[in-house]
Amino acid sequence: MGVLRDAMCRICNGCYLLQPKRVVSLLDFISSGALPSICVDVWGLFHTWLLVALPTLIMFLPLFLPDSYMSYHKHISNCHPRTPLVITSVISPLSIGTILETYPIAKSLVSRLAFLRTARLNALPFAMDILHQRQHSGRAEQYSRCRLFLPPDTIMARRDEAVAGLMILPGFLVDEVSYAPLAAKLSDAGVLVVIVSFEPLRIAAPGLGADPSDMQAVLNSVREGLQRRYGQVIWNRVEWGIAGHSLGGYAALRLSQPFDKIILWGSGNIPSLLVNVRHEGKRVLAIQASRDTFVKFTKEEREYFVSMV
């Protein structure tokens, strides 16, 4: 087998960069922000065909057999003509090898999905109570991808003053309802608060609800709701900023193009996710807790973090 793989590498060496042992993970691909080098594992492709495609072809071989063979086999045997080949395919070394090789991958995938389910942080009861109170009083509304907390009508009725708007991106696996107490206090101070929902996975990542198009869809739904309630004028008075908690803070940096103000709240040390907004003229507020035992920075890491934002 080694000779076969070396021969394939020599044949294709002029066309592809062959690195059979190299694996580029999805996380590395996302965090790098650029396409990795093209790698073609010819031996891996042949190995996959041998263990997966070949048993599948054997299993469905009776579909391509002539009708004369099918009738003759059914006449001399009590079983369906496909049965022997199916049994042979399932118990063959090729199929058993496929099962043994794919089992660790399936087990790892199941364990990761189980972690996403068990590690989810649901809102505390008092946060749910605050949300229900605001909804009952008409100071909170729910849309398909967000929850909106409204300032008092006395503030919204001031047509000659701007209204501060803040979009909050939740942290990793955190229920958006957990931010209801904060949103309630901010709205009492006159801030229009939008809490973005990343259900069902609760991960502020590209492709999972944290793309620029998703944020635009959230703003469009909020605009429609405000126009129904206050009219067109109110939307033109809102000055928006974006805030993110934990992983949501890095998503806020990445999605900060239409916003002038950014708040990073308890965002950990993940240099690969940092986006340089230093020279874009944006106002950035980074909030870190002095007793936070999870988010830690060395002096050099903190200086690098500050230099980027």
# chains A, B, ... in the order shown; residues from 1 in each chain; ligands from 1
$ residues_around --residues "Lys296 (chain A)" --least-positions-apart "2" --cutoff "8 Å" --atoms "only C-alpha atoms" --output "PyMOL selection string"
chain A and resi 268-269+292-294+298
$ closest_atom_pairs --of "region 258-287 of chain A" --to "region 301-305 of chain A" --cutoff "12 Å" --atoms "only C-alpha atoms" --output "Markdown table"
| residue | atom | partner | partner_atom | distance |
| --- | --- | --- | --- | --- |
| A:Leu264 | CA | A:Phe305 | CA | 11.2 |
| A:Ser267 | CA | A:Phe305 | CA | 10.4 |
| A:Gly268 | CA | A:Phe305 | CA | 10.0 |
| A:Asn269 | CA | A:Glu301 | CA | 7.5 |
| A:Ile270 | CA | A:Phe305 | CA | 9.3 |
| A:Pro271 | CA | A:Phe305 | CA | 7.7 |
| A:Ser272 | CA | A:Phe305 | CA | 11.0 |
| A:Leu273 | CA | A:Phe305 | CA | 10.8 |
| A:Leu274 | CA | A:Phe305 | CA | 7.8 |
| A:Val275 | CA | A:Phe305 | CA | 9.8 |
| A:Asn276 | CA | A:Phe305 | CA | 9.3 |
| A:Val277 | CA | A:Phe305 | CA | 11.0 |
| A:Arg278 | CA | A:Phe305 | CA | 10.4 |
| A:Val284 | CA | A:Phe305 | CA | 11.7 |
| A:Ala286 | CA | A:Phe305 | CA | 9.8 |
$ closest_residue --among "A:Asn220, A:Gln142, A:Ser178, A:Ser187" --to "Asp129 (chain A)" --atoms "only C-alpha atoms"
A:Ser178
$ closest_residue --among "A:Val196, A:Val233, A:Leu247, A:Val110" --to "Arg158 (chain A)" --atoms "only C-alpha atoms"
A:Val233
$ residues_around --residues "Gly190 (chain A)" --least-positions-apart "5" --cutoff "9 Å" --atoms "only C-alpha atoms" --output "list in words"
Leu150, Pro151, Pro152, Ile155, Met156, Val163, Ala164, Gly165 and Lys185 of chain A
$ atom_distance --atom1 "CA of Leu148 (chain A)" --atom2 "CA of Ser197 (chain A)"
10.9 Å
$ select_by_dssp --residues "region 142-175 of chain A" --states "alpha helix (DSSP H)" --output "list in words"
Asp153, Thr154, Ile155 and Met156 of chain A
$ write_last_selection --atoms "N, CA, C and O atoms" --output "compact mmCIF listing (two decimals), in the first residue's frame"
# COMPACT_ATOMS: atom_id res chain seq x y z
N ASP A 153 -42.51 55.87 27.46
CA ASP A 153 -43.12 56.64 26.37
C ASP A 153 -42.79 58.13 26.46
O ASP A 153 -42.77 58.83 25.45
N THR A 154 -42.53 58.61 27.69
CA THR A 154 -42.20 60.03 27.84
C THR A 154 -40.89 60.38 27.12
O THR A 154 -40.73 61.48 26.59
N ILE A 155 -39.96 59.42 27.11
CA ILE A 155 -38.68 59.64 26.42
C ILE A 155 -38.85 59.47 24.92
O ILE A 155 -38.33 60.26 24.12
N MET A 156 -39.61 58.46 24.52
CA MET A 156 -39.81 58.22 23.10
C MET A 156 -40.62 59.33 22.45
O MET A 156 -40.57 59.53 21.24
$ residues_around --residues "Phe172 (chain A)" --least-positions-apart "2" --cutoff "10 Å" --atoms "only C-alpha atoms" --output "PDB file with N, CA and C atoms, in the first residue's frame"
ATOM      1  N   LEU A 116     -22.991  20.705  23.890  1.00  0.00           N
ATOM      2  CA  LEU A 116     -23.738  21.920  23.560  1.00  0.00           C
ATOM      3  C   LEU A 116     -25.101  21.937  24.228  1.00  0.00           C
ATOM      4  N   ALA A 119     -24.335  22.078  28.445  1.00  0.00           N
ATOM      5  CA  ALA A 119     -23.643  23.276  28.926  1.00  0.00           C
ATOM      6  C   ALA A 119     -24.430  24.556  28.674  1.00  0.00           C
ATOM      7  N   ARG A 120     -25.602  24.465  28.093  1.00  0.00           N
ATOM      8  CA  ARG A 120     -26.412  25.659  27.844  1.00  0.00           C
ATOM      9  C   ARG A 120     -26.812  26.322  29.162  1.00  0.00           C
ATOM     10  N   LEU A 121     -26.659  27.638  29.215  1.00  0.00           N
ATOM     11  CA  LEU A 121     -26.956  28.398  30.430  1.00  0.00           C
ATOM     12  C   LEU A 121     -28.318  29.060  30.282  1.00  0.00           C
ATOM     13  N   LEU A 169     -25.230  41.191  21.845  1.00  0.00           N
ATOM     14  CA  LEU A 169     -24.989  39.846  21.342  1.00  0.00           C
ATOM     15  C   LEU A 169     -24.634  38.946  22.517  1.00  0.00           C
ATOM     16  N   PRO A 170     -25.435  37.912  22.808  1.00  0.00           N
ATOM     17  CA  PRO A 170     -25.197  37.056  23.973  1.00  0.00           C
ATOM     18  C   PRO A 170     -23.895  36.264  23.869  1.00  0.00           C
ATOM     19  N   VAL A 174     -25.377  31.089  26.122  1.00  0.00           N
ATOM     20  CA  VAL A 174     -26.178  31.818  27.116  1.00  0.00           C
ATOM     21  C   VAL A 174     -27.534  32.174  26.521  1.00  0.00           C
ATOM     22  N   ASP A 175     -28.586  31.954  27.303  1.00  0.00           N
ATOM     23  CA  ASP A 175     -29.941  32.305  26.897  1.00  0.00           C
ATOM     24  C   ASP A 175     -30.076  33.821  26.845  1.00  0.00           C
ATOM     25  N   PHE A 198     -29.549  33.814  19.269  1.00  0.00           N
ATOM     26  CA  PHE A 198     -28.774  32.878  18.452  1.00  0.00           C
ATOM     27  C   PHE A 198     -29.282  31.446  18.620  1.00  0.00           C
ATOM     28  N   LEU A 201     -28.541  27.015  18.736  1.00  0.00           N
ATOM     29  CA  LEU A 201     -27.209  26.622  19.224  1.00  0.00           C
ATOM     30  C   LEU A 201     -26.625  27.621  20.212  1.00  0.00           C
ATOM     31  N   ARG A 202     -27.054  28.880  20.139  1.00  0.00           N
ATOM     32  CA  ARG A 202     -26.553  29.932  21.027  1.00  0.00           C
ATOM     33  C   ARG A 202     -25.048  30.147  20.848  1.00  0.00           C
ATOM     34  N   ILE A 203     -24.602  30.232  19.616  1.00  0.00           N
ATOM     35  CA  ILE A 203     -23.200  30.463  19.305  1.00  0.00           C
ATOM     36  C   ILE A 203     -23.123  31.638  18.332  1.00  0.00           C
ATOM     37  N   ALA A 204     -22.459  32.711  18.747  1.00  0.00           N
ATOM     38  CA  ALA A 204     -22.333  33.903  17.897  1.00  0.00           C
ATOM     39  C   ALA A 204     -21.179  33.696  16.923  1.00  0.00           C
ATOM     40  N   ALA A 205     -21.438  32.946  15.869  1.00  0.00           N
ATOM     41  CA  ALA A 205     -20.409  32.600  14.896  1.00  0.00           C
ATOM     42  C   ALA A 205     -20.970  32.743  13.491  1.00  0.00           C
ATOM     43  N   HIS A 245     -21.241  40.114  24.811  1.00  0.00           N
ATOM     44  CA  HIS A 245     -20.755  39.478  26.030  1.00  0.00           C
ATOM     45  C   HIS A 245     -19.966  38.229  25.661  1.00  0.00           C
ATOM     46  N   SER A 246     -18.766  38.088  26.225  1.00  0.00           N
ATOM     47  CA  SER A 246     -17.926  36.905  26.004  1.00  0.00           C
ATOM     48  C   SER A 246     -17.669  36.710  24.507  1.00  0.00           C
ATOM     49  N   LEU A 247     -18.056  35.558  23.958  1.00  0.00           N
ATOM     50  CA  LEU A 247     -17.864  35.320  22.527  1.00  0.00           C
ATOM     51  C   LEU A 247     -18.625  36.328  21.684  1.00  0.00           C
ATOM     52  N   GLY A 248     -19.741  36.821  22.203  1.00  0.00           N
ATOM     53  CA  GLY A 248     -20.493  37.847  21.487  1.00  0.00           C
ATOM     54  C   GLY A 248     -19.713  39.136  21.305  1.00  0.00           C
TER      55      GLY A 248
END
$ residues_around --residues "Arg147 (chain A)" --least-positions-apart "3" --cutoff "12 Å" --atoms "only C-alpha atoms" --output "JSON, numbers by chain"
{"A": [131, 132, 134, 135, 139, 140, 141, 142, 143, 144, 150, 166, 167, 168, 169, 170, 175, 176, 177, 178, 179, 180, 183, 184, 192, 193, 194, 195, 196, 197, 198, 218, 219, 221, 222, 225]}
$ closest_residue --among "A:Ile287, A:Ile263, A:Ala123, A:Leu253" --to "Met308 (chain A)" --atoms "only C-alpha atoms"
A:Leu253
